[in-house]
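Printed here is target.pdb (PDB, C-alpha atoms):
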```pdb
MODEL        1
ATOM      1  CA  MET A   1      79.222 120.836 125.451
ATOM      2  CA  ASN A   2      82.692 120.291 126.969
ATOM      3  CA  VAL A   3      82.405 119.680 130.689
ATOM      4  CA  SER A   4      85.721 119.022 132.415
ATOM      5  CA  ARG A   5      85.633 116.377 135.101
ATOM      6  CA  GLU A   6      86.899 117.306 138.546
ATOM      7  CA  THR A   7      89.140 114.336 139.228
ATOM      8  CA  PHE A   8      92.342 113.748 141.163
ATOM      9  CA  GLY A   9      94.099 110.928 139.357
ATOM     10  CA  LYS A  10      97.323 109.017 139.880
ATOM     11  CA  SER A  11      99.270 111.269 137.488
ATOM     12  CA  GLU A  12      98.471 114.274 139.705
ATOM     13  CA  ARG A  13      99.860 112.704 142.886
ATOM     14  CA  LEU A  14     103.439 113.500 143.848
ATOM     15  CA  CYS A  15     105.061 110.194 144.807
ATOM     16  CA  SER A  16     108.711 110.652 143.815
ATOM     17  CA  LEU A  17     110.915 110.776 146.925
ATOM     18  CA  LYS A  18     113.667 112.391 144.837
ATOM     19  CA  ILE A  19     111.401 115.290 143.823
ATOM     20  CA  ILE A  20     109.945 115.635 147.344
ATOM     21  CA  SER A  21     113.383 115.823 149.021
ATOM     22  CA  GLY A  22     114.582 118.308 146.388
ATOM     23  CA  LEU A  23     111.457 120.343 146.980
ATOM     24  CA  PHE A  24     112.192 120.673 150.713
ATOM     25  CA  GLU A  25     115.779 121.741 149.904
ATOM     26  CA  THR A  26     115.108 124.357 147.221
ATOM     27  CA  GLY A  27     111.356 125.025 147.198
ATOM     28  CA  GLN A  28     109.537 128.181 148.196
ATOM     29  CA  VAL A  29     107.185 128.235 151.192
ATOM     30  CA  ILE A  30     103.730 129.806 151.533
ATOM     31  CA  TYR A  31     101.755 129.954 154.777
ATOM     32  CA  THR A  32      98.000 130.284 155.134
ATOM     33  CA  PRO A  33      96.125 130.145 158.450
ATOM     34  CA  LEU A  34      95.678 126.357 158.169
ATOM     35  CA  LEU A  35      98.351 125.259 155.711
ATOM     36  CA  LYS A  36     102.043 125.334 154.948
ATOM     37  CA  VAL A  37     102.862 124.749 151.293
ATOM     38  CA  VAL A  38     106.284 123.992 149.855
ATOM     39  CA  TRP A  39     106.245 124.465 146.091
ATOM     40  CA  ASP A  40     108.492 124.931 143.093
ATOM     41  CA  ILE A  41     108.379 124.876 139.332
ATOM     42  CA  ALA A  42     108.767 121.252 138.205
ATOM     43  CA  PRO A  43     112.403 120.190 137.655
ATOM     44  CA  MET A  44     111.432 117.813 134.835
ATOM     45  CA  GLU A  45     108.571 117.035 132.479
ATOM     46  CA  LEU A  46     105.552 115.737 134.407
ATOM     47  CA  PRO A  47     102.422 113.926 133.191
ATOM     48  CA  SER A  48     100.227 116.628 134.790
ATOM     49  CA  PRO A  49     100.429 120.449 135.173
ATOM     50  CA  VAL A  50     100.639 120.076 138.977
ATOM     51  CA  GLN A  51     101.741 117.178 141.119
ATOM     52  CA  VAL A  52     100.797 117.491 144.778
ATOM     53  CA  THR A  53     100.948 115.492 147.977
ATOM     54  CA  PHE A  54      99.200 116.150 151.282
ATOM     55  CA  SER A  55     100.646 115.655 154.756
ATOM     56  CA  VAL A  56      99.257 115.712 158.291
ATOM     57  CA  ALA A  57     101.664 115.424 161.238
ATOM     58  CA  LYS A  58     101.463 112.293 163.358
ATOM     59  CA  ARG A  59     102.632 114.386 166.316
ATOM     60  CA  SER A  60      99.467 116.521 166.100
ATOM     61  CA  PHE A  61      96.978 113.735 165.298
ATOM     62  CA  ARG A  62      97.892 110.400 166.831
ATOM     63  CA  LEU A  63      95.074 108.397 165.262
ATOM     64  CA  ALA A  64      95.498 107.384 161.615
ATOM     65  CA  VAL A  65      91.719 107.648 161.193
ATOM     66  CA  THR A  66      91.882 111.357 162.042
ATOM     67  CA  ARG A  67      94.884 112.011 159.773
ATOM     68  CA  ASN A  68      93.155 110.246 156.899
ATOM     69  CA  LEU A  69      89.951 112.256 157.420
ATOM     70  CA  ILE A  70      91.894 115.506 157.205
ATOM     71  CA  LYS A  71      93.826 114.382 154.117
ATOM     72  CA  ARG A  72      90.550 113.389 152.429
ATOM     73  CA  ARG A  73      89.174 116.864 153.114
ATOM     74  CA  LEU A  74      92.359 118.492 151.781
ATOM     75  CA  ARG A  75      92.303 116.412 148.591
ATOM     76  CA  GLU A  76      88.609 117.108 148.031
ATOM     77  CA  ALA A  77      89.018 120.884 148.421
ATOM     78  CA  TYR A  78      92.019 120.828 146.072
ATOM     79  CA  ARG A  79      90.194 118.642 143.530
ATOM     80  CA  LYS A  80      87.225 121.039 143.396
ATOM     81  CA  ASN A  81      89.384 124.166 142.907
ATOM     82  CA  LYS A  82      92.509 123.063 141.032
ATOM     83  CA  HIS A  83      91.127 124.054 137.618
ATOM     84  CA  ILE A  84      91.987 127.717 138.326
ATOM     85  CA  LEU A  85      95.667 126.869 138.877
ATOM     86  CA  TYR A  86      95.721 124.457 135.919
ATOM     87  CA  ASP A  87      94.372 127.102 133.535
ATOM     88  CA  HIS A  88      97.057 129.587 134.602
ATOM     89  CA  LEU A  89      99.934 127.097 134.352
ATOM     90  CA  MET A  90      98.818 125.760 130.978
ATOM     91  CA  GLN A  91      98.742 129.310 129.553
ATOM     92  CA  GLY A  92     102.350 129.822 130.662
ATOM     93  CA  ASN A  93     103.354 126.280 129.654
ATOM     94  CA  LYS A  94     104.665 125.566 133.169
ATOM     95  CA  GLN A  95     104.420 122.692 135.599
ATOM     96  CA  MET A  96     104.533 122.735 139.384
ATOM     97  CA  VAL A  97     105.171 120.369 142.282
ATOM     98  CA  MET A  98     103.992 121.025 145.820
ATOM     99  CA  VAL A  99     103.541 119.532 149.274
ATOM    100  CA  VAL A 100     100.559 120.736 151.325
ATOM    101  CA  ILE A 101     101.060 120.341 155.089
ATOM    102  CA  LEU A 102      98.378 120.971 157.703
ATOM    103  CA  ARG A 103      99.377 123.335 160.509
ATOM    104  CA  GLY A 104      97.879 123.203 163.979
ATOM    105  CA  ASN A 105      96.376 120.433 166.058
ATOM    106  CA  LYS A 106      92.612 120.877 165.667
ATOM    107  CA  ILE A 107      90.511 119.102 163.047
ATOM    108  CA  PRO A 108      89.450 121.837 160.601
ATOM    109  CA  GLU A 109      85.996 121.962 159.026
ATOM    110  CA  TYR A 110      85.781 121.360 155.284
ATOM    111  CA  HIS A 111      84.632 124.940 154.628
ATOM    112  CA  ALA A 112      87.750 126.354 156.334
ATOM    113  CA  ILE A 113      89.992 124.016 154.348
ATOM    114  CA  GLU A 114      88.334 124.976 151.063
ATOM    115  CA  THR A 115      88.730 128.690 151.841
ATOM    116  CA  ASP A 116      92.427 128.182 152.559
ATOM    117  CA  ILE A 117      92.946 126.119 149.391
ATOM    118  CA  LYS A 118      91.338 128.884 147.288
ATOM    119  CA  GLN A 119      93.543 131.473 148.984
ATOM    120  CA  LEU A 120      96.573 129.263 148.386
ATOM    121  CA  ILE A 121      95.816 128.838 144.672
ATOM    122  CA  THR A 122      95.404 132.602 144.243
ATOM    123  CA  ARG A 123      98.746 133.242 145.945
ATOM    124  CA  LEU A 124     100.481 130.578 143.832
ATOM    125  CA  ILE A 125      99.161 132.185 140.658
ATOM    126  CA  ASN A 126     100.399 135.598 141.792
ATOM    127  CA  LEU A 127     103.826 134.214 142.710
ATOM    128  CA  THR A 128     104.239 132.435 139.372
ATOM    129  CA  LYS A 129     103.329 135.695 137.595
ATOM    130  CA  ILE A 130     106.033 137.498 139.599
ATOM    131  CA  ASN A 131     108.572 134.766 138.759
ATOM    132  CA  GLU A 132     107.697 135.074 135.048
ATOM    133  CA  ARG A 133     108.590 138.781 135.127
ATOM    134  CA  ASN A 134     112.002 138.150 136.719
TER     135      ASN A 134
ENDMDL
END
```
In C-alpha cells, how does this file's structure come out?
Amino acid sequence: MNVSRETFGKSERLCSLKIISGLFETGQVIYTPLLKVVWDIAPMELPSPVQVTFSVAKRSFRLAVTRNLIKRRLREAYRKNKHILYDHLMQGNKQMVMVVILRGNKIPEYHAIETDIKQLITRLINLTKINERN
C-alpha cells in the first residue's frame, strides 16, 4: 500500500529572491475572494514540482502573531490539497513557482482558506491546460 505523505518540506518553499522578483515582473495573476496569487511556469529546474511562498501584509495585520497564524493556516490548507496540482504538473512534466498573498484585513477562518486554496488549484490546472494548447 503506497500512501503519500502530506508534507510541506524545504524543497517546496520558494526562497530565491531572484525568482520572486522575476515572478512579480513577468508572472500571471489570479484573484480569489481571499487570495491574490502570482504564478508562472518555473524558469529553471526545481527540486519540487511547485515552489510556493505565502505573504500577509503588515499594513493589514500589525501584529506578527496574527500574520504568522494566517500564514500557518495558508500553508496547512495548501499542504492538504497540493497533491491535485502536483499530479497534473507531473503528467505534463512542468514545474511552477507562485506567491500566495492574503487580501483583506480580517482574519479568515481555516475553512474559508481551504475553500479558496482548492478553487485556486483548480484554476491553476485549467490555466496550465490552456497554456499547453497555445
Pick out the residues sitting within 9 Å of A:Leu34, and hand them over as a PyMOL selection string; count only C-alpha atoms, and ignore anything fewer than 6 positions along from it in its own chain. chain A and resi 101-104+108+112-113+116
How would the residues just picked look written out with C-alpha atoms as a PDB file, keeping the file's coordinate frame?
```
ATOM      1  CA  ILE A 101     101.060 120.341 155.089  1.00  0.00           C
ATOM      2  CA  LEU A 102      98.378 120.971 157.703  1.00  0.00           C
ATOM      3  CA  ARG A 103      99.377 123.335 160.509  1.00  0.00           C
ATOM      4  CA  GLY A 104      97.879 123.203 163.979  1.00  0.00           C
ATOM      5  CA  PRO A 108      89.450 121.837 160.601  1.00  0.00           C
ATOM      6  CA  ALA A 112      87.750 126.354 156.334  1.00  0.00           C
ATOM      7  CA  ILE A 113      89.992 124.016 154.348  1.00  0.00           C
ATOM      8  CA  ASP A 116      92.427 128.182 152.559  1.00  0.00           C
TER       9      ASP A 116
END
```
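Residues surrounding A:Asn68 within 12 Å are A:Phe54, A:Ser55, A:Val56, A:Ala57, A:Lys58, A:Phe61, A:Arg62, A:Leu63, A:Ala64, A:Val65, A:Thr66, A:Ile70, A:Lys71, A:Arg72, A:Arg73, A:Leu74, A:Arg75, A:Leu102, A:Ile107 [only C-alpha atoms; sequence separation below 2 positions excluded].
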Write a file of the selected residues as a compact mmCIF listing (two decimals), in the frame of the given file, keeping C-alpha atoms.
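See out_21.txt below for the written result:
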```txt
# COMPACT_ATOMS: atom_id res chain seq x y z
CA PHE A 54 99.20 116.15 151.28
CA SER A 55 100.65 115.66 154.76
CA VAL A 56 99.26 115.71 158.29
CA ALA A 57 101.66 115.42 161.24
CA LYS A 58 101.46 112.29 163.36
CA PHE A 61 96.98 113.74 165.30
CA ARG A 62 97.89 110.40 166.83
CA LEU A 63 95.07 108.40 165.26
CA ALA A 64 95.50 107.38 161.62
CA VAL A 65 91.72 107.65 161.19
CA THR A 66 91.88 111.36 162.04
CA ILE A 70 91.89 115.51 157.21
CA LYS A 71 93.83 114.38 154.12
CA ARG A 72 90.55 113.39 152.43
CA ARG A 73 89.17 116.86 153.11
CA LEU A 74 92.36 118.49 151.78
CA ARG A 75 92.30 116.41 148.59
CA LEU A 102 98.38 120.97 157.70
CA ILE A 107 90.51 119.10 163.05
```
Target residues per the PyMOL selection byres ((chain A and resi 19) around 12), formatted as a PyMOL selection string: chain A and resi 13-18+20-27+38-46+51-53+96-99
Please enumerate the residues selected by the PyMOL selection byres ((chain A and resi 49) around 6) when evaluated against the supplied file, formatted as a list in words.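 After applying the PyMOL selection byres ((chain A and resi 49) around 6), what remains is Ser48, Val50 and Gln95 of chain A.
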Taking only C-alpha atoms into account, which of A:Leu120, A:Asn93, A:Ile30, A:Ile130 comes nearest A:Ala77?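 For A:Ala77, the nearest of the candidates is A:Leu120.
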Matched chain/residue IDs from the PyMOL selection byres ((chain A and resi 88) around 12), as a PyMOL selection string: chain A and resi 49-50+82-87+89-96+121-122+124-129+132
Have a look at A:Arg5, A:Lys80, A:Lys36, A:Arg59 and name the one nearest to A:Lys118; count all atoms listed in the file. A:Lys80
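Note that atom CA of A:Arg79 and atom CA of A:Arg123 are 17.1 Å apart.
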From the set A:Thr32, A:Ser60, A:Asn81, A:Asn131, which residue has the shortest atom-to-atom contact distance to A:Glu6, counting all atoms listed in the file?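 Closest to A:Glu6 of all the choices is A:Asn81.
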Could you jot down the atom CA of A:Glu76 to atom CA of A:Ser11 separation for me, Å, one decimal place?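 Taking atom CA of A:Glu76 and atom CA of A:Ser11, their separation equals 16.1 Å.
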The distance between atom CA of A:Leu35 and atom CA of A:Val100 is 6.7 Å
